[in-house]
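First comes the structure, then the notes that go with it.
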Amino acid sequence: MFKKILVCLDGSNLAEQILPFIMAQGNCFDKIVFLKVLASPEISLPFGVPGAPSVPINTEARLARFQKELIEAPAYLEKIAQPLREIGLDVDCVVLQGMPSETIVNYAKDNRVELIAMATHGHSGLRQVIVGSTAEFVLKNAGWTLLLMTPQKQGKAAR
């Protein structure tokens, strides 16, 4: 039995496909923590000169979207937590800001999490190089048990 499980969600249907497992196995955990990490609204663009540092840029649209997410994230997690609480499980909801991969690992270390559960998004090739892989970073840097699942894409039949 794991005392504390960290369930990482990003608000996507793909990430939420981990939830049926958590619901089915909920009695195996003393504490379930749902975590949503909001990435900074700031983007860094290369300056165009090799070796030059990138320039941080904020746009009004990115700031507005970030502020909307910051307001909506707690209610989103609470909605997901409610059915688990109704069956008597101990669930916390946490919203943090930062680089998702690093924030997940740091939160887990600082809060004595024993298991991290998350769905991958299945990026490969150039898209993974550009977008990065939060799951891969967590796998390489967390140093303890992970539950990773590759969710079914919309429109694909379950096997």
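Lettering and numbering for the structure tokens are positional, with chains as A, B, ... in the shown order, residues counted from 1 in each chain, and ligands counted from 1 in the shown order.
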
Within 6 Å of segment 17-30 of chain A using only C-alpha atoms, minus same-chain residues under 5 positions, as a ChimeraX atom specification = /A:1-4,119

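Between Ala75 of chain A and the residues A:Val7, A:Arg112, A:Val95, A:Lys31, the shortest atom-to-atom distance, using only C-alpha atoms, involves A:Val95.
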
All residues 12 Å or closer to Ile71 of chain A, only C-alpha atoms, same chain fewer than 6 positions away omitted, as a ChimeraX atom specification = /A:38,64-65,77,95-96

Can you write out the residues you just picked, keeping all heavy atoms, as a PDB file, in the first residue's frame?
ATOM      1  N   LEU A  38       0.499  25.003 -13.483  1.00  0.00           N
ATOM      2  CA  LEU A  38       0.290  25.999 -14.523  1.00  0.00           C
ATOM      3  C   LEU A  38       1.641  26.561 -14.933  1.00  0.00           C
ATOM      4  O   LEU A  38       2.365  27.134 -14.108  1.00  0.00           O
ATOM      5  CB  LEU A  38      -0.615  27.121 -14.013  1.00  0.00           C
ATOM      6  CG  LEU A  38      -1.998  26.684 -13.523  1.00  0.00           C
ATOM      7  CD1 LEU A  38      -2.768  27.871 -12.971  1.00  0.00           C
ATOM      8  CD2 LEU A  38      -2.767  26.007 -14.635  1.00  0.00           C
ATOM      9  N   ALA A  64      -3.832  36.675 -20.142  1.00  0.00           N
ATOM     10  CA  ALA A  64      -5.264  36.507 -19.891  1.00  0.00           C
ATOM     11  C   ALA A  64      -5.614  35.034 -19.760  1.00  0.00           C
ATOM     12  O   ALA A  64      -6.383  34.648 -18.869  1.00  0.00           O
ATOM     13  CB  ALA A  64      -6.072  37.161 -21.018  1.00  0.00           C
ATOM     14  N   ARG A  65      -5.046  34.185 -20.637  1.00  0.00           N
ATOM     15  CA  ARG A  65      -5.318  32.754 -20.564  1.00  0.00           C
ATOM     16  C   ARG A  65      -4.777  32.174 -19.251  1.00  0.00           C
ATOM     17  O   ARG A  65      -5.425  31.363 -18.596  1.00  0.00           O
ATOM     18  CB  ARG A  65      -4.708  32.035 -21.761  1.00  0.00           C
ATOM     19  CG  ARG A  65      -5.143  30.565 -21.817  1.00  0.00           C
ATOM     20  CD  ARG A  65      -4.649  29.863 -23.036  1.00  0.00           C
ATOM     21  NE  ARG A  65      -3.251  29.523 -22.791  1.00  0.00           N
ATOM     22  CZ  ARG A  65      -2.344  29.379 -23.731  1.00  0.00           C
ATOM     23  NH1 ARG A  65      -2.644  29.578 -24.983  1.00  0.00           N
ATOM     24  NH2 ARG A  65      -1.109  29.044 -23.412  1.00  0.00           N
ATOM     25  N   LEU A  77      -9.999  20.768 -10.184  1.00  0.00           N
ATOM     26  CA  LEU A  77      -9.497  19.671  -9.343  1.00  0.00           C
ATOM     27  C   LEU A  77     -10.531  19.239  -8.307  1.00  0.00           C
ATOM     28  O   LEU A  77     -10.684  18.052  -8.033  1.00  0.00           O
ATOM     29  CB  LEU A  77      -8.191  20.080  -8.662  1.00  0.00           C
ATOM     30  CG  LEU A  77      -6.983  20.272  -9.575  1.00  0.00           C
ATOM     31  CD1 LEU A  77      -5.776  20.737  -8.774  1.00  0.00           C
ATOM     32  CD2 LEU A  77      -6.664  19.011 -10.352  1.00  0.00           C
ATOM     33  N   VAL A  95      -2.728  23.397  -6.704  1.00  0.00           N
ATOM     34  CA  VAL A  95      -2.414  24.094  -7.951  1.00  0.00           C
ATOM     35  C   VAL A  95      -1.120  24.854  -7.713  1.00  0.00           C
ATOM     36  O   VAL A  95      -1.002  25.604  -6.741  1.00  0.00           O
ATOM     37  CB  VAL A  95      -3.537  25.081  -8.360  1.00  0.00           C
ATOM     38  CG1 VAL A  95      -3.154  25.843  -9.621  1.00  0.00           C
ATOM     39  CG2 VAL A  95      -4.859  24.343  -8.547  1.00  0.00           C
ATOM     40  N   LEU A  96      -0.145  24.622  -8.586  1.00  0.00           N
ATOM     41  CA  LEU A  96       1.139  25.300  -8.475  1.00  0.00           C
ATOM     42  C   LEU A  96       1.502  25.950  -9.802  1.00  0.00           C
ATOM     43  O   LEU A  96       0.979  25.571 -10.853  1.00  0.00           O
ATOM     44  CB  LEU A  96       2.234  24.301  -8.090  1.00  0.00           C
ATOM     45  CG  LEU A  96       2.077  23.608  -6.741  1.00  0.00           C
ATOM     46  CD1 LEU A  96       3.149  22.547  -6.562  1.00  0.00           C
ATOM     47  CD2 LEU A  96       2.140  24.618  -5.603  1.00  0.00           C
TER      48      LEU A  96
END

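Across the structure, atom CA of Ile32 of chain A and atom CA of Cys93 of chain A are spaced 8.6 Å apart.
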
Selection near Gly11 of chain A, 10 Å with only C-alpha atoms, sequence-local residues under 4 positions removed, as number ranges by chain = A: 15-16, 36-37, 69, 73, 76-77

Spatial neighbours of Asn111 of chain A, max dist 12 Å, only C-alpha atoms, sep filter under 4 positions, as a ChimeraX atom specification = /A:3-6,31-33,94,103-107,115-116

Write the residues you've just listed into a file as a short mmCIF file (atom, residue, chain, number, x, y, z; two decimals), in the first residue's frame, and include all heavy atoms for each of them.
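So part-v5.cif came out as:
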data_model
loop_
_atom_site.label_atom_id
_atom_site.label_comp_id
_atom_site.auth_asym_id
_atom_site.auth_seq_id
_atom_site.Cartn_x
_atom_site.Cartn_y
_atom_site.Cartn_z
N LYS A 3 1.26 5.15 0.85
CA LYS A 3 0.64 6.11 1.75
C LYS A 3 0.12 7.32 0.99
O LYS A 3 -0.99 7.77 1.23
CB LYS A 3 1.61 6.54 2.84
CG LYS A 3 1.93 5.42 3.80
CD LYS A 3 2.82 5.92 4.91
CE LYS A 3 3.36 4.75 5.67
NZ LYS A 3 2.76 4.48 6.91
N LYS A 4 0.94 7.86 0.07
CA LYS A 4 0.54 9.08 -0.63
C LYS A 4 0.84 8.94 -2.12
O LYS A 4 1.97 8.64 -2.50
CB LYS A 4 1.28 10.29 -0.06
CG LYS A 4 0.76 11.62 -0.60
CD LYS A 4 1.56 12.81 -0.10
CE LYS A 4 1.33 13.08 1.35
NZ LYS A 4 1.95 14.34 1.79
N ILE A 5 -0.19 9.20 -2.93
CA ILE A 5 -0.04 9.17 -4.38
C ILE A 5 -0.29 10.58 -4.92
O ILE A 5 -1.21 11.27 -4.46
CB ILE A 5 -1.00 8.15 -5.04
CG1 ILE A 5 -0.84 8.16 -6.56
CG2 ILE A 5 -2.44 8.39 -4.64
CD1 ILE A 5 -1.65 7.10 -7.28
N LEU A 6 0.54 10.97 -5.85
CA LEU A 6 0.41 12.25 -6.53
C LEU A 6 -0.12 11.98 -7.93
O LEU A 6 0.53 11.28 -8.72
CB LEU A 6 1.77 12.96 -6.60
CG LEU A 6 1.80 14.31 -7.31
CD1 LEU A 6 0.95 15.33 -6.55
CD2 LEU A 6 3.24 14.81 -7.43
N LYS A 31 -3.60 8.67 1.12
CA LYS A 31 -3.84 10.06 0.69
C LYS A 31 -3.66 10.14 -0.81
O LYS A 31 -2.70 9.61 -1.35
CB LYS A 31 -2.88 11.00 1.40
CG LYS A 31 -2.75 12.40 0.84
CD LYS A 31 -3.82 13.35 1.29
CE LYS A 31 -3.58 13.85 2.68
NZ LYS A 31 -4.70 14.67 3.16
N ILE A 32 -4.58 10.83 -1.47
CA ILE A 32 -4.48 11.10 -2.91
C ILE A 32 -4.36 12.60 -3.07
O ILE A 32 -5.14 13.37 -2.50
CB ILE A 32 -5.73 10.59 -3.66
CG1 ILE A 32 -5.86 9.08 -3.49
CG2 ILE A 32 -5.66 10.98 -5.15
CD1 ILE A 32 -7.19 8.51 -3.96
N VAL A 33 -3.37 13.04 -3.84
CA VAL A 33 -3.17 14.46 -4.11
C VAL A 33 -3.30 14.67 -5.61
O VAL A 33 -2.54 14.10 -6.39
CB VAL A 33 -1.79 14.96 -3.63
CG1 VAL A 33 -1.62 16.44 -3.95
CG2 VAL A 33 -1.61 14.70 -2.14
N VAL A 94 -4.09 20.51 -5.28
CA VAL A 94 -3.00 21.48 -5.24
C VAL A 94 -2.81 22.07 -6.64
O VAL A 94 -2.72 21.34 -7.62
CB VAL A 94 -1.68 20.82 -4.78
CG1 VAL A 94 -0.54 21.81 -4.80
CG2 VAL A 94 -1.85 20.20 -3.40
N THR A 103 8.34 21.07 -11.37
CA THR A 103 7.43 21.31 -10.26
C THR A 103 6.87 20.01 -9.71
O THR A 103 6.75 19.84 -8.49
CB THR A 103 6.30 22.26 -10.70
OG1 THR A 103 6.89 23.47 -11.20
CG2 THR A 103 5.38 22.60 -9.54
N ILE A 104 6.54 19.08 -10.59
CA ILE A 104 6.04 17.77 -10.15
C ILE A 104 7.08 17.06 -9.30
O ILE A 104 6.80 16.57 -8.20
CB ILE A 104 5.63 16.91 -11.36
CG1 ILE A 104 4.38 17.48 -12.03
CG2 ILE A 104 5.42 15.45 -10.95
CD1 ILE A 104 4.08 16.90 -13.40
N VAL A 105 8.31 16.99 -9.80
CA VAL A 105 9.38 16.30 -9.08
C VAL A 105 9.65 16.98 -7.74
O VAL A 105 9.75 16.31 -6.70
CB VAL A 105 10.66 16.22 -9.94
CG1 VAL A 105 11.85 15.73 -9.12
CG2 VAL A 105 10.44 15.32 -11.15
N ASN A 106 9.73 18.29 -7.73
CA ASN A 106 10.01 19.01 -6.47
C ASN A 106 8.87 18.84 -5.47
O ASN A 106 9.12 18.65 -4.27
CB ASN A 106 10.27 20.49 -6.76
CG ASN A 106 11.59 20.71 -7.45
OD1 ASN A 106 12.50 19.89 -7.37
ND2 ASN A 106 11.69 21.80 -8.19
N TYR A 107 7.63 18.92 -5.93
CA TYR A 107 6.50 18.74 -5.02
C TYR A 107 6.54 17.34 -4.41
O TYR A 107 6.34 17.17 -3.20
CB TYR A 107 5.17 18.96 -5.75
CG TYR A 107 3.99 18.79 -4.81
CD1 TYR A 107 3.53 19.86 -4.05
CD2 TYR A 107 3.39 17.55 -4.63
CE1 TYR A 107 2.49 19.70 -3.16
CE2 TYR A 107 2.35 17.38 -3.73
CZ TYR A 107 1.91 18.45 -3.00
OH TYR A 107 0.89 18.29 -2.10
N LEU A 115 4.21 7.55 -4.76
CA LEU A 115 3.85 7.12 -6.11
C LEU A 115 3.36 8.32 -6.89
O LEU A 115 2.54 9.09 -6.38
CB LEU A 115 2.75 6.05 -6.05
CG LEU A 115 2.14 5.58 -7.37
CD1 LEU A 115 3.17 4.82 -8.21
CD2 LEU A 115 0.92 4.70 -7.11
N ILE A 116 3.87 8.50 -8.09
CA ILE A 116 3.39 9.53 -8.99
C ILE A 116 2.64 8.84 -10.12
O ILE A 116 3.16 7.92 -10.74
CB ILE A 116 4.55 10.36 -9.59
CG1 ILE A 116 5.35 11.06 -8.49
CG2 ILE A 116 4.02 11.39 -10.60
CD1 ILE A 116 6.59 11.77 -8.97
#
